[in-house]
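Everything below belongs to work.cif, which stores mmCIF, C-alpha atoms.
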```cif
data_structure
#
loop_
_atom_site.label_atom_id
_atom_site.label_comp_id
_atom_site.auth_asym_id
_atom_site.auth_seq_id
_atom_site.Cartn_x
_atom_site.Cartn_y
_atom_site.Cartn_z
CA MET A 3 53.89 154.12 50.67
CA THR A 4 52.04 150.90 51.39
CA PHE A 5 53.62 147.60 50.38
CA ARG A 6 51.05 144.81 50.23
CA PHE A 7 51.96 141.23 49.50
CA ILE A 8 51.75 140.34 45.82
CA ALA A 9 52.14 137.12 43.86
CA PRO A 10 55.47 136.37 42.14
CA ASP A 11 53.71 136.28 38.77
CA ALA A 12 52.95 140.01 39.16
CA ILE A 13 56.53 140.54 37.97
CA ARG A 14 56.34 141.26 34.26
CA SER A 15 59.98 140.78 33.26
CA PRO A 16 60.90 137.10 32.61
CA SER A 17 64.51 137.74 33.61
CA GLN A 18 63.47 139.37 36.90
CA ARG A 19 61.12 136.47 37.62
CA ALA A 20 64.01 134.06 37.00
CA LEU A 21 66.19 136.08 39.39
CA LEU A 22 63.44 136.05 42.03
CA GLU A 23 62.99 132.28 41.69
CA GLN A 24 66.73 131.72 42.07
CA TRP A 25 66.70 133.87 45.24
CA ASP A 26 63.76 131.88 46.60
CA GLN A 27 65.39 128.53 45.88
CA LEU A 28 68.63 129.66 47.53
CA ALA A 29 66.66 130.70 50.63
CA ALA A 30 65.69 127.00 51.07
CA GLY A 31 63.25 127.58 53.90
CA ARG A 32 65.01 130.65 55.32
CA PRO A 33 63.60 134.19 54.98
CA PHE A 34 66.46 135.00 52.58
CA PRO A 35 69.82 133.53 51.49
CA ALA A 36 73.36 134.80 52.05
CA PHE A 37 74.76 137.08 49.36
CA ALA A 38 77.76 134.78 48.81
CA GLU A 39 75.35 132.04 47.66
CA LEU A 40 74.11 134.07 44.70
CA LYS A 41 75.52 133.26 41.28
CA PRO A 42 73.38 135.19 38.75
CA ASP A 43 73.12 133.39 35.43
CA PRO A 44 74.06 135.83 32.61
CA ALA A 45 71.91 133.74 30.27
CA THR A 46 68.75 134.70 32.20
CA HIS A 47 69.64 138.08 33.71
CA ASP A 48 72.02 140.74 32.41
CA PRO A 49 74.51 141.75 35.15
CA ARG A 50 74.76 145.17 33.49
CA GLN A 51 71.28 145.93 34.90
CA LEU A 52 72.17 145.01 38.49
CA VAL A 53 73.28 147.05 41.49
CA ALA A 54 74.52 145.49 44.75
CA TRP A 55 74.17 147.45 48.00
CA ALA A 56 75.65 146.86 51.45
CA VAL A 57 73.20 147.65 54.27
CA GLU A 58 74.74 149.72 57.07
CA GLY A 59 73.16 150.71 60.38
CA GLU A 60 69.57 150.29 61.49
CA GLY A 61 66.34 152.24 61.72
CA ARG A 62 66.57 155.90 60.74
CA LEU A 63 70.36 155.60 60.53
CA ARG A 64 70.23 152.83 57.93
CA LYS A 65 72.31 153.51 54.81
CA PHE A 66 72.78 151.65 51.54
CA ARG A 67 76.29 151.73 50.08
CA ALA A 68 76.95 150.64 46.49
CA MET A 69 79.23 147.61 46.08
CA TYR A 70 78.63 146.92 42.40
CA GLN A 71 77.04 148.94 39.60
CA GLY A 72 76.22 147.42 36.22
CA GLU A 73 77.25 149.17 33.02
CA HIS A 74 73.70 150.05 31.95
CA VAL A 75 73.00 151.69 35.32
CA ALA A 76 76.28 153.63 35.16
CA GLU A 77 75.37 154.80 31.65
CA ALA A 78 71.87 155.92 32.68
CA PHE A 79 73.09 157.95 35.66
CA ASN A 80 76.39 158.95 34.04
CA SER A 81 78.26 158.43 37.31
CA ALA A 82 80.23 155.81 39.22
CA TRP A 83 78.49 154.66 42.39
CA ALA A 84 81.04 152.35 44.04
CA GLY A 85 81.49 153.31 47.70
CA LYS A 86 78.72 155.92 47.64
CA THR A 87 75.40 155.78 49.49
CA MET A 88 72.00 155.74 47.84
CA GLU A 89 71.33 159.28 49.10
CA GLN A 90 74.50 160.48 47.37
CA VAL A 91 73.75 159.01 43.94
CA VAL A 92 69.97 159.38 43.56
CA SER A 93 68.42 162.76 42.79
CA MET A 94 66.04 164.34 45.28
CA SER A 95 63.10 163.88 42.90
CA LEU A 96 63.66 160.08 42.77
CA ARG A 97 64.40 159.43 46.45
CA ARG A 98 60.72 158.90 47.23
CA ILE A 99 60.60 155.84 44.97
CA THR A 100 64.09 154.51 45.65
CA LEU A 101 64.94 154.90 49.35
CA ARG A 102 61.63 153.87 50.91
CA PRO A 103 61.39 150.57 48.98
CA ALA A 104 65.02 149.79 49.92
CA LYS A 105 64.21 150.39 53.58
CA GLU A 106 61.09 148.24 53.27
CA CYS A 107 63.16 145.41 51.78
CA ALA A 108 65.76 145.66 54.56
CA GLU A 109 63.19 145.86 57.35
CA SER A 110 60.80 143.16 56.15
CA GLY A 111 63.30 140.69 54.66
CA CYS A 112 60.95 140.37 51.68
CA ALA A 113 61.60 140.92 48.00
CA VAL A 114 60.16 144.26 46.86
CA TYR A 115 58.89 144.87 43.34
CA MET A 116 57.86 148.20 41.81
CA VAL A 117 56.78 149.57 38.47
CA PHE A 118 57.00 153.33 37.99
CA SER A 119 56.50 155.27 34.79
CA THR A 120 57.12 158.54 33.02
CA VAL A 121 56.32 160.07 29.62
CA ASP A 122 59.06 160.56 27.03
CA ALA A 123 59.50 163.34 24.44
CA ASN A 124 57.07 161.53 22.11
CA ASP A 125 54.34 161.38 24.80
CA GLN A 126 54.85 157.64 25.12
CA GLN A 127 54.69 155.96 28.53
CA VAL A 128 57.98 154.45 29.66
CA ASP A 129 58.01 152.00 32.56
CA CYS A 130 60.87 151.11 34.86
CA GLU A 131 60.57 147.79 36.68
CA ARG A 132 62.66 147.54 39.88
CA LEU A 133 63.18 144.34 41.84
CA LEU A 134 64.95 144.40 45.23
CA LEU A 135 66.17 141.18 46.84
CA PRO A 136 67.41 140.93 50.47
CA PHE A 137 70.37 138.83 51.60
CA GLY A 138 71.94 138.04 54.97
CA SER A 139 74.31 135.42 56.38
CA ASP A 140 72.18 134.52 59.42
CA GLY A 141 68.74 134.60 57.76
CA GLU A 142 67.62 137.21 60.31
CA LYS A 143 69.38 140.48 59.54
CA VAL A 144 69.47 141.86 56.00
CA GLU A 145 73.07 142.72 55.12
CA HIS A 146 72.89 143.22 51.35
CA LEU A 147 70.36 144.20 48.70
CA LEU A 148 70.48 143.31 45.02
CA ALA A 149 68.58 145.65 42.71
CA SER A 150 67.52 144.84 39.15
CA LEU A 151 66.33 147.63 36.85
CA GLN A 152 64.44 147.08 33.59
CA LEU A 153 63.23 149.73 31.15
CA THR A 154 60.42 149.00 28.70
CA VAL A 155 62.13 150.95 25.90
CA VAL A 156 65.51 150.78 24.24
CA GLY A 157 67.10 154.16 23.75
CA SER A 158 69.25 156.79 25.36
CA ARG A 159 69.22 155.89 29.04
CA PRO A 160 70.46 159.29 30.30
CA ARG A 161 67.74 161.05 28.27
CA ILE A 162 65.04 158.76 29.63
CA LEU A 163 66.31 159.25 33.19
CA LYS A 164 65.77 163.00 32.83
CA HIS A 165 62.09 162.33 32.15
CA PHE A 166 61.88 160.21 35.33
CA ASP A 167 63.52 163.09 37.23
CA MET A 168 60.73 165.39 36.08
CA GLN A 169 57.83 162.95 36.56
CA ALA A 170 57.65 159.46 38.02
CA ASP A 171 54.32 157.79 38.87
CA VAL A 172 54.19 154.54 40.84
CA ARG A 173 52.01 151.97 39.04
CA LEU A 174 52.61 148.91 41.22
CA GLN A 175 54.48 148.11 44.41
CA GLY A 176 54.46 145.11 46.70
CA ARG A 177 56.35 142.58 48.81
CA ILE A 178 57.02 138.90 48.11
CA ARG A 179 58.00 136.44 50.85
CA SER A 180 60.36 133.57 50.19
CA GLY A 181 59.01 130.02 50.14
CA PHE A 182 56.70 130.29 47.13
CA SER A 183 58.58 127.87 44.87
CA THR A 184 58.86 124.10 45.29
CA GLY A 185 62.62 124.52 45.08
CA ALA A 186 62.56 126.30 48.43
CA THR A 187 61.70 123.07 50.23
CA SER A 188 62.94 119.56 50.07
CA GLU A 189 61.31 117.17 47.62
CA ALA A 190 59.81 115.14 50.45
CA ALA A 191 58.38 118.25 52.10
CA GLY A 192 56.94 119.37 48.78
CA ASP A 193 55.27 116.00 48.24
CA GLN A 194 53.81 116.12 51.74
CA ARG A 195 52.41 119.63 51.14
CA ARG A 196 50.76 118.56 47.89
CA ALA A 197 49.28 115.48 49.56
CA LEU A 198 47.75 117.50 52.39
CA ARG A 199 46.35 120.29 50.23
CA ARG A 200 42.81 119.69 48.99
CA ASN A 201 40.39 121.67 46.88
CA VAL A 202 37.28 122.73 48.77
CA ALA A 203 34.44 125.23 48.50
CA ARG A 204 33.65 126.19 52.07
CA ALA A 205 32.15 129.40 53.33
CA ALA A 206 34.20 131.18 55.96
CA ARG A 207 34.45 134.47 57.78
CA ILE A 208 37.41 136.85 57.88
CA SER A 209 37.72 139.10 60.93
CA PHE A 210 39.96 142.13 61.46
CA ALA A 211 39.71 145.51 63.19
CA ARG A 212 36.11 144.88 64.32
CA ARG A 213 35.11 144.05 60.74
CA SER A 214 33.82 140.79 59.37
CA ILE A 215 33.80 139.63 55.74
CA THR A 216 32.28 136.50 54.22
CA CYS A 217 34.55 134.55 51.89
CA ILE A 218 34.99 131.17 50.19
CA VAL A 219 37.97 128.93 50.95
CA ARG A 220 38.98 127.29 47.65
CA ASN A 221 41.83 125.07 48.84
CA LEU A 222 43.04 124.13 52.28
CA SER A 223 45.98 122.46 53.99
CA ALA A 224 47.30 122.22 57.52
CA THR A 225 49.52 125.25 56.92
CA GLY A 226 47.50 127.56 54.68
CA ALA A 227 44.65 128.21 52.27
CA ALA A 228 43.53 130.04 49.14
CA VAL A 229 40.66 132.40 49.90
CA GLU A 230 38.24 134.01 47.46
CA ALA A 231 36.58 137.29 48.41
CA THR A 232 34.51 139.94 46.66
CA ASN A 233 36.96 142.73 47.48
CA PRO A 234 40.27 141.27 48.70
CA ALA A 235 41.96 144.67 48.45
CA VAL A 236 40.35 145.73 51.75
CA ILE A 237 41.67 142.66 53.58
CA PRO A 238 44.85 143.45 55.58
CA ASP A 239 48.00 141.34 55.60
CA SER A 240 47.01 139.70 58.92
CA PHE A 241 43.54 138.56 60.02
CA SER A 242 41.55 135.72 61.62
CA LEU A 243 39.67 133.06 59.65
CA VAL A 244 36.85 130.79 60.85
CA LEU A 245 35.40 128.13 58.50
CA GLU A 246 31.72 127.24 58.44
CA MET A 247 30.68 124.55 60.94
CA GLU A 248 33.87 125.21 62.92
CA THR A 249 34.74 127.31 65.95
CA THR A 250 38.52 127.17 65.54
CA GLU A 251 39.98 130.56 64.74
CA ARG A 252 42.97 130.44 62.40
CA HIS A 253 45.38 133.36 62.49
CA CYS A 254 46.47 134.12 58.93
CA ARG A 255 49.09 136.16 57.15
CA VAL A 256 48.85 136.94 53.44
CA ILE A 257 51.68 135.55 51.27
CA TRP A 258 50.26 136.38 47.83
CA ARG A 259 47.43 138.30 46.18
CA ARG A 260 45.80 137.74 42.82
CA LYS A 261 42.61 139.07 41.26
CA GLY A 262 39.76 137.99 43.52
CA ARG A 263 41.93 135.70 45.67
CA ILE A 264 44.56 135.74 48.39
CA GLY A 265 46.88 133.01 49.61
CA VAL A 266 47.40 132.79 53.37
CA GLN A 267 49.72 130.98 55.75
CA PHE A 268 48.44 129.93 59.17
CA SER A 269 50.48 131.16 62.12
#
```
Please go through the file and, once you have read it, give me the structure as structure tokens.
Amino acid sequence: MTFRFIAPDAIRSPSQRALLEQWDQLAAGRPFPAFAELKPDPATHDPRQLVAWAVEGEGRLRKFRAMYQGEHVAEAFNSAWAGKTMEQVVSMSLRRITLRPAKECAESGCAVYMVFSTVDANDQQVDCERLLLPFGSDGEKVEHLLASLQLTVVGSRPRILKHFDMQADVRLQGRIRSGFSTGATSEAAGDQRRALRRNVARAARISFARRSITCIVRNLSATGAAVEATNPAVIPDSFSLVLEMETTERHCRVIWRRKGRIGVQFS
């Protein structure tokens, strides 16, 4: 599985977007907040659709142990998860699309969003949207994950889960770094960022792995830029950027992707 950076607005569910924005604001300049800081608002996100996991171990020995399981999740899987690991509660057929994203979230410290689908008994596509959020007390090591699950249909959850067990196709998957909302910085810092950012239309060249691509820089600041390219999908998450009439090479990392554009942070 490849997890490219995606924009927060790629998340379709309004309640999951609200949860992501709260996570980002709590991070306040850190890669991720501490789990104790989270106070989900029941008015914007139903706690019955949440699962909290404790992260144990590292690398290949990393495990995810359930701390909390919402009622809707318990109903869908018809089992109690508290104290059990993800390997113990998820069927073999679904591990491919559950364990790897959890490991990606824990390793990268980024939010991970996925949409996977199946076909129900009426030959209708049913989507499941899954958002994973990392938490840790020191801002360096991920200690907890919060998972939100959303189905695009209302019906018998156990029956729908059986269809996912038989067939589950990944439609979208990606990572989202913290720091995308103005609430993640102080008001003064936000004002400074807006003052320094300016709209431009300058040709530039992207370089990576002995390849070179021409692009247009659409806005620019001291810390980042928005770049327009013909085929941004081929551009990796890290590359070098040189603007026309300049020789300075800026090392960039992608923080969001939208149709025809990518947002980068200079490192």
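Between Gly265 of chain A and the candidates A:Val114, A:Leu151, A:Ala211, A:Ala9, the tightest atom-to-atom separation, counting all atoms listed in the file, involves A:Ala9.
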Tell me which protein, DNA and RNA residues are within 6 Å of segment 219-226 of chain A, counting only C-alpha atoms, leaving out same-chain ones fewer than 3 positions away, and put them as a compact mmCIF listing (two decimals) with C-alpha atoms, keeping the file's coordinate frame.
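Result file is out.txt:
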```
# COMPACT_ATOMS: atom_id res chain seq x y z
CA LEU A 198 47.75 117.50 52.39
CA ARG A 199 46.35 120.29 50.23
CA ARG A 200 42.81 119.69 48.99
CA ASN A 201 40.39 121.67 46.88
CA VAL A 202 37.28 122.73 48.77
CA ALA A 203 34.44 125.23 48.50
CA ARG A 204 33.65 126.19 52.07
CA VAL A 229 40.66 132.40 49.90
CA VAL A 266 47.40 132.79 53.37
CA GLN A 267 49.72 130.98 55.75
CA PHE A 268 48.44 129.93 59.17
```
Dig up all the protein and nucleic acid residues within 12 Å of (74.9, 149.3, 37.8) in the file frame, using only C-alpha atoms, and format them as JSON, numbers by chain. {"A": [48, 49, 50, 51, 52, 53, 54, 55, 68, 69, 70, 71, 72, 73, 74, 75, 76, 77, 78, 79, 80, 81, 82, 83, 84, 91, 148, 149, 150, 151, 152]}
Correct to one decimal, the distance atom CA of Val256 of chain A-atom CA of Lys65 of chain A is 28.8 Å
Can you tell me how far atom CA of Phe166 of chain A sits from atom CA of Gln126 of chain A, in Å to one decimal? 12.7 Å
Expansion of the PyMOL selection byres ((chain A and resi 26) around 9) into residues, as an NGL selection string: :A and (21-25 or 27-35 or 179-183 or 185-186)
Store the residues picked out above in a file with C-alpha atoms, as a PDB file, in the coordinates of the input.
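Written file, again_5.pdb:
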```
ATOM      1  CA  LEU A  21      66.190 136.080  39.390  1.00  0.00           C
ATOM      2  CA  LEU A  22      63.440 136.050  42.030  1.00  0.00           C
ATOM      3  CA  GLU A  23      62.990 132.280  41.690  1.00  0.00           C
ATOM      4  CA  GLN A  24      66.730 131.720  42.070  1.00  0.00           C
ATOM      5  CA  TRP A  25      66.700 133.870  45.240  1.00  0.00           C
ATOM      6  CA  GLN A  27      65.390 128.530  45.880  1.00  0.00           C
ATOM      7  CA  LEU A  28      68.630 129.660  47.530  1.00  0.00           C
ATOM      8  CA  ALA A  29      66.660 130.700  50.630  1.00  0.00           C
ATOM      9  CA  ALA A  30      65.690 127.000  51.070  1.00  0.00           C
ATOM     10  CA  GLY A  31      63.250 127.580  53.900  1.00  0.00           C
ATOM     11  CA  ARG A  32      65.010 130.650  55.320  1.00  0.00           C
ATOM     12  CA  PRO A  33      63.600 134.190  54.980  1.00  0.00           C
ATOM     13  CA  PHE A  34      66.460 135.000  52.580  1.00  0.00           C
ATOM     14  CA  PRO A  35      69.820 133.530  51.490  1.00  0.00           C
ATOM     15  CA  ARG A 179      58.000 136.440  50.850  1.00  0.00           C
ATOM     16  CA  SER A 180      60.360 133.570  50.190  1.00  0.00           C
ATOM     17  CA  GLY A 181      59.010 130.020  50.140  1.00  0.00           C
ATOM     18  CA  PHE A 182      56.700 130.290  47.130  1.00  0.00           C
ATOM     19  CA  SER A 183      58.580 127.870  44.870  1.00  0.00           C
ATOM     20  CA  GLY A 185      62.620 124.520  45.080  1.00  0.00           C
ATOM     21  CA  ALA A 186      62.560 126.300  48.430  1.00  0.00           C
TER      22      ALA A 186
END
```
Can you list, as a VMD selection string, every protein, DNA or RNA residue that comes within 9 Å of Ser95 of chain A when you count all atoms listed in the file, leaving out same-chain residues fewer than 2 positions away? chain A and resid 92 to 93 97 to 99 166 to 170
Would you compute the distance between atom CA of Thr154 of chain A and atom CA of Asp125 of chain A? Give it in Å to one decimal. 14.3 Å
Taking the file as I've supplied it (selection: the PyMOL selection byres ((chain A and resi 128) around 9)), which residues are included? Please answer as a list in words.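 Expected selection for the PyMOL selection byres ((chain A and resi 128) around 9) here is Phe118, Ser119, Thr120, Val121, Asp122, Gln126, Gln127, Asp129, Cys130, Leu153, Thr154, Val155, Ile162 and Phe166 of chain A.
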Name the closest residue to Pro44 of chain A among the candidates A:Ile237, A:Ala20, A:Leu243, A:Leu163; distances are taken between atoms, counting all atoms listed in the file.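 Smallest separation from Pro44 of chain A among the options: A:Ala20.
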Tell me, as an NGL selection string, which residues lie within 10 Å of Ala12 of chain A, counting only C-alpha atoms; anything in the same chain fewer than 5 positions away does not count. :A and (19 or 115-116 or 174-176 or 178 or 258-260)
Around the point (68.8, 146.3, 54.9) in the file's coordinates, collect all residues with an atom within 10 Å, using only C-alpha atoms, and return them as a ChimeraX atom specification. /A:55-61,64-66,104-111,135-138,143-147
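Once the PyMOL selection byres ((chain A and resi 208-210) around 8) is applied to the shown structure, the selection contains Ala206, Arg207, Ala211, Arg212, Arg213, Ser214, Ile215, Thr216, Cys217, Pro238, Ser240, Phe241, Ser242, Leu243 and Val244 of chain A.
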